[in-house]
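Visitor: Here you go, coords_21.pdb (PDB, C-alpha atoms and all ligand atoms):
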ATOM      1  CA  MET A   1      80.635  75.964  85.072  1.00  0.00           C
ATOM      2  CA  ASP A   2      84.162  75.625  83.719  1.00  0.00           C
ATOM      3  CA  LEU A   3      86.247  75.360  86.854  1.00  0.00           C
ATOM      4  CA  PHE A   4      89.665  76.965  86.306  1.00  0.00           C
ATOM      5  CA  LYS A   5      92.406  74.907  87.973  1.00  0.00           C
ATOM      6  CA  PRO A   6      94.998  76.429  90.334  1.00  0.00           C
ATOM      7  CA  ILE A   7      98.426  76.956  88.766  1.00  0.00           C
ATOM      8  CA  ASN A   8     101.952  77.928  89.804  1.00  0.00           C
ATOM      9  CA  SER A   9     104.480  80.004  87.891  1.00  0.00           C
ATOM     10  CA  TYR A  10     108.100  80.574  88.897  1.00  0.00           C
ATOM     11  CA  TYR A  11     110.644  83.309  88.442  1.00  0.00           C
ATOM     12  CA  ASP A  12     113.941  81.817  87.288  1.00  0.00           C
ATOM     13  CA  PHE A  13     116.505  84.227  88.782  1.00  0.00           C
ATOM     14  CA  GLU A  14     119.400  82.596  86.958  1.00  0.00           C
ATOM     15  CA  ASN A  15     117.934  82.812  83.472  1.00  0.00           C
ATOM     16  CA  ILE A  16     115.829  85.913  84.147  1.00  0.00           C
ATOM     17  CA  LYS A  17     112.541  84.527  82.882  1.00  0.00           C
ATOM     18  CA  MET A  18     109.232  83.116  84.007  1.00  0.00           C
ATOM     19  CA  VAL A  19     108.705  79.351  83.940  1.00  0.00           C
ATOM     20  CA  PRO A  20     106.536  78.158  82.341  1.00  0.00           C
ATOM     21  CA  GLU A  21     106.828  81.031  79.880  1.00  0.00           C
ATOM     22  CA  GLY A  22     103.132  81.605  79.274  1.00  0.00           C
ATOM     23  CA  GLU A  23     102.636  84.306  76.659  1.00  0.00           C
ATOM     24  CA  LEU A  24     105.928  86.126  76.062  1.00  0.00           C
ATOM     25  CA  ILE A  25     105.763  89.660  74.691  1.00  0.00           C
ATOM     26  CA  THR A  26     108.987  91.435  73.739  1.00  0.00           C
ATOM     27  CA  ARG A  27     109.455  95.137  73.060  1.00  0.00           C
ATOM     28  CA  ASN A  28     112.484  96.294  71.130  1.00  0.00           C
ATOM     29  CA  LEU A  29     113.530  99.895  70.653  1.00  0.00           C
ATOM     30  CA  SER A  30     111.822  99.946  67.238  1.00  0.00           C
ATOM     31  CA  ASP A  31     108.481  99.242  68.957  1.00  0.00           C
ATOM     32  CA  MET A  32     108.729 102.528  70.866  1.00  0.00           C
ATOM     33  CA  ASP A  33     111.474 104.576  69.214  1.00  0.00           C
ATOM     34  CA  TRP A  34     109.452 107.810  69.084  1.00  0.00           C
ATOM     35  CA  MET A  35     108.904 107.726  72.849  1.00  0.00           C
ATOM     36  CA  TYR A  36     112.509 108.626  73.650  1.00  0.00           C
ATOM     37  CA  GLN A  37     113.671 112.191  73.679  1.00  0.00           C
ATOM     38  CA  ASP A  38     117.110 111.837  72.089  1.00  0.00           C
ATOM     39  CA  GLN A  39     116.317 110.888  68.500  1.00  0.00           C
ATOM     40  CA  GLU A  40     119.998 110.961  67.497  1.00  0.00           C
ATOM     41  CA  ALA A  41     120.710 108.261  70.089  1.00  0.00           C
ATOM     42  CA  VAL A  42     117.649 106.336  68.876  1.00  0.00           C
ATOM     43  CA  LYS A  43     118.913 106.400  65.294  1.00  0.00           C
ATOM     44  CA  GLU A  44     122.283 105.025  66.336  1.00  0.00           C
ATOM     45  CA  LEU A  45     120.849 102.306  68.594  1.00  0.00           C
ATOM     46  CA  LEU A  46     118.307 101.203  65.988  1.00  0.00           C
ATOM     47  CA  LYS A  47     121.159  99.718  63.968  1.00  0.00           C
ATOM     48  CA  LYS A  48     121.094  96.946  66.546  1.00  0.00           C
ATOM     49  CA  ASP A  49     117.514  97.470  67.741  1.00  0.00           C
ATOM     50  CA  PRO A  50     118.049  96.198  71.308  1.00  0.00           C
ATOM     51  CA  GLN A  51     115.314  94.584  73.329  1.00  0.00           C
ATOM     52  CA  ILE A  52     114.153  97.107  75.936  1.00  0.00           C
ATOM     53  CA  TYR A  53     111.805  94.848  77.894  1.00  0.00           C
ATOM     54  CA  ARG A  54     109.738  91.707  77.843  1.00  0.00           C
ATOM     55  CA  TYR A  55     106.896  90.335  79.869  1.00  0.00           C
ATOM     56  CA  TYR A  56     105.487  86.919  80.512  1.00  0.00           C
ATOM     57  CA  ASN A  57     101.709  86.707  80.895  1.00  0.00           C
ATOM     58  CA  VAL A  58     100.257  83.759  82.759  1.00  0.00           C
ATOM     59  CA  ASP A  59      97.370  82.449  80.661  1.00  0.00           C
ATOM     60  CA  ILE A  60      94.324  83.502  82.695  1.00  0.00           C
ATOM     61  CA  PRO A  61      90.817  84.214  81.336  1.00  0.00           C
ATOM     62  CA  GLU A  62      90.328  87.965  80.795  1.00  0.00           C
ATOM     63  CA  GLU A  63      87.197  87.961  82.888  1.00  0.00           C
ATOM     64  CA  GLU A  64      85.882  89.602  86.020  1.00  0.00           C
ATOM     65  CA  GLY A  65      86.700  87.552  89.075  1.00  0.00           C
ATOM     66  CA  HIS A  66      90.050  86.386  87.757  1.00  0.00           C
ATOM     67  CA  LEU A  67      93.378  88.048  88.508  1.00  0.00           C
ATOM     68  CA  GLN A  68      95.690  88.507  85.542  1.00  0.00           C
ATOM     69  CA  HIS A  69      99.340  88.319  86.503  1.00  0.00           C
ATOM     70  CA  CYS A  70     102.624  88.587  84.717  1.00  0.00           C
ATOM     71  CA  ILE A  71     106.326  89.104  85.238  1.00  0.00           C
ATOM     72  CA  SER A  72     107.951  92.041  83.454  1.00  0.00           C
ATOM     73  CA  ILE A  73     111.678  92.404  82.924  1.00  0.00           C
ATOM     74  CA  ILE A  74     113.232  95.681  81.800  1.00  0.00           C
ATOM     75  CA  ASN A  75     116.804  95.369  80.587  1.00  0.00           C
ATOM     76  CA  PRO A  76     119.321  97.821  82.028  1.00  0.00           C
ATOM     77  CA  GLY A  77     120.431 100.552  79.668  1.00  0.00           C
ATOM     78  CA  LYS A  78     119.707 104.005  78.366  1.00  0.00           C
ATOM     79  CA  VAL A  79     118.691 105.672  75.132  1.00  0.00           C
ATOM     80  CA  GLY A  80     120.848 108.770  75.202  1.00  0.00           C
ATOM     81  CA  ASN A  81     120.537 109.810  78.838  1.00  0.00           C
ATOM     82  CA  GLU A  82     117.004 108.411  79.257  1.00  0.00           C
ATOM     83  CA  TYR A  83     116.655 105.088  81.038  1.00  0.00           C
ATOM     84  CA  ASN A  84     115.040 102.022  79.467  1.00  0.00           C
ATOM     85  CA  MET A  85     111.321 102.012  80.179  1.00  0.00           C
ATOM     86  CA  THR A  86     108.034 100.382  79.259  1.00  0.00           C
ATOM     87  CA  LYS A  87     105.595 102.009  76.832  1.00  0.00           C
ATOM     88  CA  GLY A  88     103.076 102.574  79.612  1.00  0.00           C
ATOM     89  CA  HIS A  89      99.311 102.375  79.415  1.00  0.00           C
ATOM     90  CA  PHE A  90      95.931 103.024  80.950  1.00  0.00           C
ATOM     91  CA  HIS A  91      93.676 100.114  81.719  1.00  0.00           C
ATOM     92  CA  GLU A  92      90.791  99.908  79.304  1.00  0.00           C
ATOM     93  CA  ILE A  93      88.442  99.735  82.265  1.00  0.00           C
ATOM     94  CA  LYS A  94      89.955 102.788  83.907  1.00  0.00           C
ATOM     95  CA  GLY A  95      88.564 101.978  87.325  1.00  0.00           C
ATOM     96  CA  THR A  96      90.821  98.942  87.727  1.00  0.00           C
ATOM     97  CA  ALA A  97      93.957  99.028  89.863  1.00  0.00           C
ATOM     98  CA  GLU A  98      97.196  97.057  89.821  1.00  0.00           C
ATOM     99  CA  ILE A  99      99.839  95.824  92.252  1.00  0.00           C
ATOM    100  CA  TYR A 100     103.536  95.697  91.336  1.00  0.00           C
ATOM    101  CA  TYR A 101     105.907  93.656  93.451  1.00  0.00           C
ATOM    102  CA  THR A 102     109.583  94.115  92.598  1.00  0.00           C
ATOM    103  CA  ILE A 103     111.671  90.954  92.742  1.00  0.00           C
ATOM    104  CA  GLN A 104     114.973  92.134  91.266  1.00  0.00           C
ATOM    105  CA  GLY A 105     116.730  95.378  90.372  1.00  0.00           C
ATOM    106  CA  GLU A 106     115.832  98.993  90.906  1.00  0.00           C
ATOM    107  CA  GLY A 107     113.881 101.655  89.130  1.00  0.00           C
ATOM    108  CA  MET A 108     110.883 103.928  89.196  1.00  0.00           C
ATOM    109  CA  LEU A 109     107.172 103.649  88.626  1.00  0.00           C
ATOM    110  CA  PHE A 110     105.729 106.710  86.868  1.00  0.00           C
ATOM    111  CA  MET A 111     101.992 107.345  87.045  1.00  0.00           C
ATOM    112  CA  GLN A 112      99.810 110.050  85.599  1.00  0.00           C
ATOM    113  CA  SER A 113      96.139 110.817  85.622  1.00  0.00           C
ATOM    114  CA  VAL A 114      94.042 113.427  83.872  1.00  0.00           C
ATOM    115  CA  THR A 115      90.734 112.367  85.346  1.00  0.00           C
ATOM    116  CA  ASP A 116      89.531 115.795  86.561  1.00  0.00           C
ATOM    117  CA  GLY A 117      90.994 117.984  83.840  1.00  0.00           C
ATOM    118  CA  GLU A 118      94.220 118.850  85.687  1.00  0.00           C
ATOM    119  CA  PRO A 119      97.014 116.419  84.834  1.00  0.00           C
ATOM    120  CA  GLU A 120      98.554 114.784  87.891  1.00  0.00           C
ATOM    121  CA  PHE A 121     101.845 112.965  88.171  1.00  0.00           C
ATOM    122  CA  GLU A 122     103.279 110.628  90.808  1.00  0.00           C
ATOM    123  CA  ALA A 123     106.443 108.544  90.992  1.00  0.00           C
ATOM    124  CA  LEU A 124     107.340 105.665  93.287  1.00  0.00           C
ATOM    125  CA  GLU A 125     110.646 103.974  93.901  1.00  0.00           C
ATOM    126  CA  MET A 126     110.952 100.337  92.848  1.00  0.00           C
ATOM    127  CA  LYS A 127     113.494  98.040  94.456  1.00  0.00           C
ATOM    128  CA  LYS A 128     113.661  94.423  95.503  1.00  0.00           C
ATOM    129  CA  GLY A 129     110.776  93.913  97.908  1.00  0.00           C
ATOM    130  CA  SER A 130     108.816  97.085  97.083  1.00  0.00           C
ATOM    131  CA  LEU A 131     105.080  96.580  96.826  1.00  0.00           C
ATOM    132  CA  SER A 132     103.555  99.397  94.787  1.00  0.00           C
ATOM    133  CA  TYR A 133      99.906 100.227  94.384  1.00  0.00           C
ATOM    134  CA  VAL A 134      98.690 101.712  91.110  1.00  0.00           C
ATOM    135  CA  PRO A 135      95.225 103.022  92.002  1.00  0.00           C
ATOM    136  CA  PRO A 136      92.382 103.123  89.451  1.00  0.00           C
ATOM    137  CA  HIS A 137      92.610 105.851  86.760  1.00  0.00           C
ATOM    138  CA  TRP A 138      96.415 106.148  86.723  1.00  0.00           C
ATOM    139  CA  ALA A 139      98.439 105.380  83.600  1.00  0.00           C
ATOM    140  CA  HIS A 140     101.623 103.556  84.570  1.00  0.00           C
ATOM    141  CA  ARG A 141     105.111 103.141  83.176  1.00  0.00           C
ATOM    142  CA  THR A 142     108.155 101.453  84.743  1.00  0.00           C
ATOM    143  CA  ILE A 143     111.778 102.487  84.292  1.00  0.00           C
ATOM    144  CA  ASN A 144     115.022 100.652  85.023  1.00  0.00           C
ATOM    145  CA  THR A 145     117.617 102.918  86.646  1.00  0.00           C
ATOM    146  CA  GLY A 146     119.968 100.130  87.734  1.00  0.00           C
ATOM    147  CA  GLU A 147     122.771  98.011  86.362  1.00  0.00           C
ATOM    148  CA  GLU A 148     120.834  94.743  86.403  1.00  0.00           C
ATOM    149  CA  PRO A 149     117.447  93.733  84.985  1.00  0.00           C
ATOM    150  CA  LEU A 150     114.434  95.227  86.768  1.00  0.00           C
ATOM    151  CA  ALA A 151     111.927  92.405  87.310  1.00  0.00           C
ATOM    152  CA  PHE A 152     108.510  92.762  88.892  1.00  0.00           C
ATOM    153  CA  ILE A 153     105.229  90.934  89.219  1.00  0.00           C
ATOM    154  CA  GLY A 154     102.057  92.742  88.125  1.00  0.00           C
ATOM    155  CA  ILE A 155      98.614  91.638  89.346  1.00  0.00           C
ATOM    156  CA  TYR A 156      95.390  93.211  88.089  1.00  0.00           C
ATOM    157  CA  PRO A 157      91.718  92.404  87.549  1.00  0.00           C
ATOM    158  CA  GLY A 158      90.928  89.963  84.761  1.00  0.00           C
ATOM    159  CA  GLU A 159      88.697  92.378  82.875  1.00  0.00           C
ATOM    160  CA  ALA A 160      91.089  95.394  83.048  1.00  0.00           C
ATOM    161  CA  GLY A 161      92.368  95.418  79.422  1.00  0.00           C
ATOM    162  CA  HIS A 162      95.053  97.788  78.117  1.00  0.00           C
ATOM    163  CA  VAL A 163      94.977 101.028  76.141  1.00  0.00           C
ATOM    164  CA  TYR A 164      98.232 102.341  74.657  1.00  0.00           C
ATOM    165  CA  GLY A 165      97.015 104.987  72.201  1.00  0.00           C
ATOM    166  CA  ASP A 166      96.775 107.831  74.674  1.00  0.00           C
ATOM    167  CA  ILE A 167     100.358 107.477  75.927  1.00  0.00           C
ATOM    168  CA  GLU A 168     101.644 106.718  72.410  1.00  0.00           C
ATOM    169  CA  GLU A 169     100.275 110.040  71.205  1.00  0.00           C
ATOM    170  CA  LYS A 170     100.721 112.307  74.214  1.00  0.00           C
ATOM    171  CA  GLY A 171     103.613 110.739  76.098  1.00  0.00           C
ATOM    172  CA  PHE A 172     104.265 111.027  79.807  1.00  0.00           C
ATOM    173  CA  MET A 173     104.443 114.422  81.519  1.00  0.00           C
ATOM    174  CA  LYS A 174     107.860 113.617  82.951  1.00  0.00           C
ATOM    175  CA  LEU A 175     111.012 111.879  81.779  1.00  0.00           C
ATOM    176  CA  LEU A 176     113.629 110.078  83.831  1.00  0.00           C
ATOM    177  CA  ILE A 177     117.162 110.900  82.746  1.00  0.00           C
ATOM    178  CA  GLU A 178     120.619 110.410  84.161  1.00  0.00           C
ATOM    179  CA  LYS A 179     122.035 113.760  85.257  1.00  0.00           C
ATOM    180  CA  ASP A 180     125.377 114.034  87.069  1.00  0.00           C
ATOM    181  CA  GLY A 181     125.246 110.273  87.511  1.00  0.00           C
ATOM    182  CA  GLU A 182     121.837 110.345  89.251  1.00  0.00           C
ATOM    183  CA  PRO A 183     118.334 109.462  88.046  1.00  0.00           C
ATOM    184  CA  THR A 184     116.565 112.807  87.683  1.00  0.00           C
ATOM    185  CA  ILE A 185     112.928 113.544  86.872  1.00  0.00           C
ATOM    186  CA  ILE A 186     112.464 116.354  84.355  1.00  0.00           C
ATOM    187  CA  ASP A 187     109.492 117.805  82.466  1.00  0.00           C
ATOM    188  CA  ASN A 188     108.851 116.221  79.094  1.00  0.00           C
ATOM    189  CA  PRO A 189     109.101 119.089  76.596  1.00  0.00           C
ATOM    190  CA  ASN A 190     107.119 117.014  74.074  1.00  0.00           C
ATOM    191  CA  TYR A 191     104.185 116.191  76.363  1.00  0.00           C
ATOM    192  CA  LYS A 192     100.910 117.135  74.678  1.00  0.00           C
TER     193      LYS A 192
HETATM  194  C1  LIG B   1     102.186  95.240  83.160  1.00  0.00           C
HETATM  195  C2  LIG B   1     102.684  95.787  81.813  1.00  0.00           C
HETATM  196  C3  LIG B   1     104.094  95.349  81.436  1.00  0.00           C
HETATM  197  C4  LIG B   1     104.569  95.961  80.128  1.00  0.00           C
HETATM  198  O1  LIG B   1     102.042  93.890  83.112  1.00  0.00           O
HETATM  199  O2  LIG B   1     101.793  95.383  80.806  1.00  0.00           O
HETATM  200  O3  LIG B   1     104.974  95.753  82.455  1.00  0.00           O
HETATM  201  O4  LIG B   1     104.325  97.330  80.034  1.00  0.00           O
HETATM  202  P1  LIG B   1     103.407  97.899  78.862  1.00  0.00           P
HETATM  203  O5  LIG B   1     102.109  97.133  78.929  1.00  0.00           O
HETATM  204  O6  LIG B   1     103.221  99.335  79.184  1.00  0.00           O
HETATM  205  O7  LIG B   1     104.109  97.643  77.571  1.00  0.00           O
HETATM  206  C5  LIG B   1     100.842  95.906  83.469  1.00  0.00           C
HETATM  207  O8  LIG B   1     100.825  97.000  83.945  1.00  0.00           O
HETATM  208  N1  LIG B   1      99.738  95.258  83.115  1.00  0.00           N
HETATM  209  O9  LIG B   1      98.519  95.794  83.347  1.00  0.00           O
HETATM  210 ZN    ZN B   2      98.705  97.819  83.915  1.00  0.00          ZN
END
Rewrite the structure of this file - the entire thing - as structure tokens.
Ligand code: PAN
Ligand code: ZN
Guide:
Amino acid sequence: MDLFKPINSYYDFENIKMVPEGELITRNLSDMDWMYQDQEAVKELLKKDPQIYRYYNVDIPEEEGHLQHCISIINPGKVGNEYNMTKGHFHEIKGTAEIYYTIQGEGMLFMQSVTDGEPEFEALEMKKGSLSYVPPHWAHRTINTGEEPLAFIGIYPGEAGHVYGDIEEKGFMKLLIEKDGEPTIIDNPNYK
């Protein structure tokens, strides 16, 4: 048996990154431009194509028994009045859960499930110290509503895998926009 050796990773609060970096994945606006509601704002921002978020995956075998883990960082900012967010996904093995532990910043965790026909939606607050449980069968997306980066640790089963197609095509049922200076959840008029 190949014995996998214990390893440490660190969150570097000063430089807002994981050390060692592991696998770094960055998502700019152009990677998800159609997901935002205000396409005029998108067009304008695309001239600079800002980075919306990045995540650092610790290199762990994608196998049952292991626990994948990563640190995600969503930059503060908005596209029109909609806050910066991740693309969001289901796990490929839908019956796998995930834990998010927020280490910096504030935001929201959106979840939706269509397991029994009726679409269901839930949202949880994220702030430094919040420990959020994403149960099996819930798609999940995170959103930065604050002025500083939103950073959180995600831990999930090794075999979980990721599926983006569903959310890419249908979107999330709800959007998080700034209204009268406050984060406000509204229906997504483009949800299919
Ligand atoms: C997280 C996410 C990460 C980036 O590690 O993968 O925050 O979001 P997207 O994958 O939606 O681009 C996780 O939930 N992993 O399972
Ligand atoms: Zn996940």
Visitor: Hey, which bits of chain A sit within 10 Å of ligand ZN 2 (chain B), and for each residue what's the closest pair of atoms and how far apart in Å (one decimal), counting all atoms listed in the file, rows by chain and increasing number, as CSV?
Guide:
residue,atom,partner,partner_atom,distance
A:Gln68,CA,B:ZN2,ZN,9.9
A:His69,CA,B:ZN2,ZN,9.9
A:Gly88,CA,B:ZN2,ZN,7.8
A:His89,CA,B:ZN2,ZN,6.4
A:Phe90,CA,B:ZN2,ZN,6.6
A:His91,CA,B:ZN2,ZN,5.9
A:Glu92,CA,B:ZN2,ZN,9.4
A:Thr96,CA,B:ZN2,ZN,8.8
A:Ala97,CA,B:ZN2,ZN,7.7
A:Glu98,CA,B:ZN2,ZN,6.1
A:Ile99,CA,B:ZN2,ZN,8.6
A:Tyr100,CA,B:ZN2,ZN,9.1
A:Val134,CA,B:ZN2,ZN,8.2
A:Pro136,CA,B:ZN2,ZN,9.9
A:Trp138,CA,B:ZN2,ZN,9.1
A:Ala139,CA,B:ZN2,ZN,7.6
A:His140,CA,B:ZN2,ZN,6.5
A:Arg141,CA,B:ZN2,ZN,8.4
A:Gly154,CA,B:ZN2,ZN,7.4
A:Ile155,CA,B:ZN2,ZN,8.2
A:Tyr156,CA,B:ZN2,ZN,7.0
A:Pro157,CA,B:ZN2,ZN,9.6
A:Ala160,CA,B:ZN2,ZN,8.0
A:Gly161,CA,B:ZN2,ZN,8.1
A:His162,CA,B:ZN2,ZN,6.9
A:Val163,CA,B:ZN2,ZN,9.2
Visitor: Please produce a file of those selected residues containing C-alpha atoms, as a PDB file, keeping the file's coordinate frame.
Guide:
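As written to disk, out_20.pdb reads:
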ATOM      1  CA  GLN A  68      95.690  88.507  85.542  1.00  0.00           C
ATOM      2  CA  HIS A  69      99.340  88.319  86.503  1.00  0.00           C
ATOM      3  CA  GLY A  88     103.076 102.574  79.612  1.00  0.00           C
ATOM      4  CA  HIS A  89      99.311 102.375  79.415  1.00  0.00           C
ATOM      5  CA  PHE A  90      95.931 103.024  80.950  1.00  0.00           C
ATOM      6  CA  HIS A  91      93.676 100.114  81.719  1.00  0.00           C
ATOM      7  CA  GLU A  92      90.791  99.908  79.304  1.00  0.00           C
ATOM      8  CA  THR A  96      90.821  98.942  87.727  1.00  0.00           C
ATOM      9  CA  ALA A  97      93.957  99.028  89.863  1.00  0.00           C
ATOM     10  CA  GLU A  98      97.196  97.057  89.821  1.00  0.00           C
ATOM     11  CA  ILE A  99      99.839  95.824  92.252  1.00  0.00           C
ATOM     12  CA  TYR A 100     103.536  95.697  91.336  1.00  0.00           C
ATOM     13  CA  VAL A 134      98.690 101.712  91.110  1.00  0.00           C
ATOM     14  CA  PRO A 136      92.382 103.123  89.451  1.00  0.00           C
ATOM     15  CA  TRP A 138      96.415 106.148  86.723  1.00  0.00           C
ATOM     16  CA  ALA A 139      98.439 105.380  83.600  1.00  0.00           C
ATOM     17  CA  HIS A 140     101.623 103.556  84.570  1.00  0.00           C
ATOM     18  CA  ARG A 141     105.111 103.141  83.176  1.00  0.00           C
ATOM     19  CA  GLY A 154     102.057  92.742  88.125  1.00  0.00           C
ATOM     20  CA  ILE A 155      98.614  91.638  89.346  1.00  0.00           C
ATOM     21  CA  TYR A 156      95.390  93.211  88.089  1.00  0.00           C
ATOM     22  CA  PRO A 157      91.718  92.404  87.549  1.00  0.00           C
ATOM     23  CA  ALA A 160      91.089  95.394  83.048  1.00  0.00           C
ATOM     24  CA  GLY A 161      92.368  95.418  79.422  1.00  0.00           C
ATOM     25  CA  HIS A 162      95.053  97.788  78.117  1.00  0.00           C
ATOM     26  CA  VAL A 163      94.977 101.028  76.141  1.00  0.00           C
TER      27      VAL A 163
END
Visitor: Written as number ranges by chain, what is the full residue list that the PyMOL selection byres (((chain A and resi 8-19) around 10) and not hetatm) yields on the file shown?
Guide: A: 6-7, 20-24, 54-58, 69-73, 103-104, 149-153
Visitor: As an exercise, work out the distance from CA of Lys43 in chain A to CA of Thr145 in chain A in Å and give it to one decimal place.
Guide: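 These two atoms are separated by 21.7 Å.
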Visitor: Which residue out of A:Asp116, A:Glu122, A:Asp33, A:Glu82 has the minimum interatomic distance to Gly181 in chain A when all atoms listed in the file are used?
Guide: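 For Gly181 in chain A, the nearest of the candidates is A:Glu82.
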Visitor: For CA of Glu125 in chain A and CA of Pro183 in chain A, quote the distance in Å rounded to one decimal.
Guide: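 Computed distance, CA of Glu125 in chain A to CA of Pro183 in chain A, equals 11.1 Å.
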Visitor: Could you check how far CA of Tyr83 in chain A sits from CA of Val114 in chain A, in Å to one decimal?
Guide: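 It comes out at 24.3 Å.
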Visitor: Have a look at A:Thr86, A:Gln37, A:Thr26, A:Asn190 and name the one nearest to ligand LIG 1 (chain B); count only C-alpha atoms and all ligand atoms.
Guide: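 That would be A:Thr86, the residue with the smallest distance to ligand LIG 1 (chain B).
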Visitor: Counting all atoms listed in the file, what is within 7 Å of Leu46 in chain A, bar same-chain residues fewer than 4 positions away, as a ChimeraX atom specification?
Guide: /A:29-30,42
Visitor: On this structure, which residues satisfy the PyMOL selection byres (((chain A and resi 87) around 10) and not hetatm), written as a list of chain:residue names?
Guide: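 Expected selection for the PyMOL selection byres (((chain A and resi 87) around 10) and not hetatm) here is A:Arg27, A:Asp31, A:Met32, A:Asp33, A:Met35, A:Ile52, A:Tyr53, A:Asn84, A:Met85, A:Thr86, A:Gly88, A:His89, A:His140, A:Arg141, A:Thr142, A:Ile143, A:Tyr164, A:Ile167, A:Glu168, A:Gly171, A:Phe172.
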Visitor: Can you work out which one of A:Asn28, A:Tyr36, A:Gly117, A:Lys128 has the shortest atom-to-atom distance to ligand LIG 1 (chain B), counting all atoms listed in the file?
Guide: A:Asn28
Visitor: Counting all atoms listed in the file, which of A:Glu63, A:Gln51, A:Lys78, A:Asn144 gets nearest to Phe110 in chain A?
Guide: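 Closest to Phe110 in chain A, using all atoms listed in the file: A:Asn144.
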Visitor: With only C-alpha atoms as the atoms that count, which of A:Tyr101, A:Glu106, A:Glu178, A:His137 lies nearest to Pro119 in chain A?
Guide: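 The closest residue to Pro119 in chain A is A:His137.
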Visitor: Which residue, A:Gly77, A:Pro50, A:Gly105, A:Gly158, has the smallest gap to ligand LIG 1 (chain B) when you use all atoms listed in the file?
Guide: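 Distance minimum relative to ligand LIG 1 (chain B) lands on A:Gly158.
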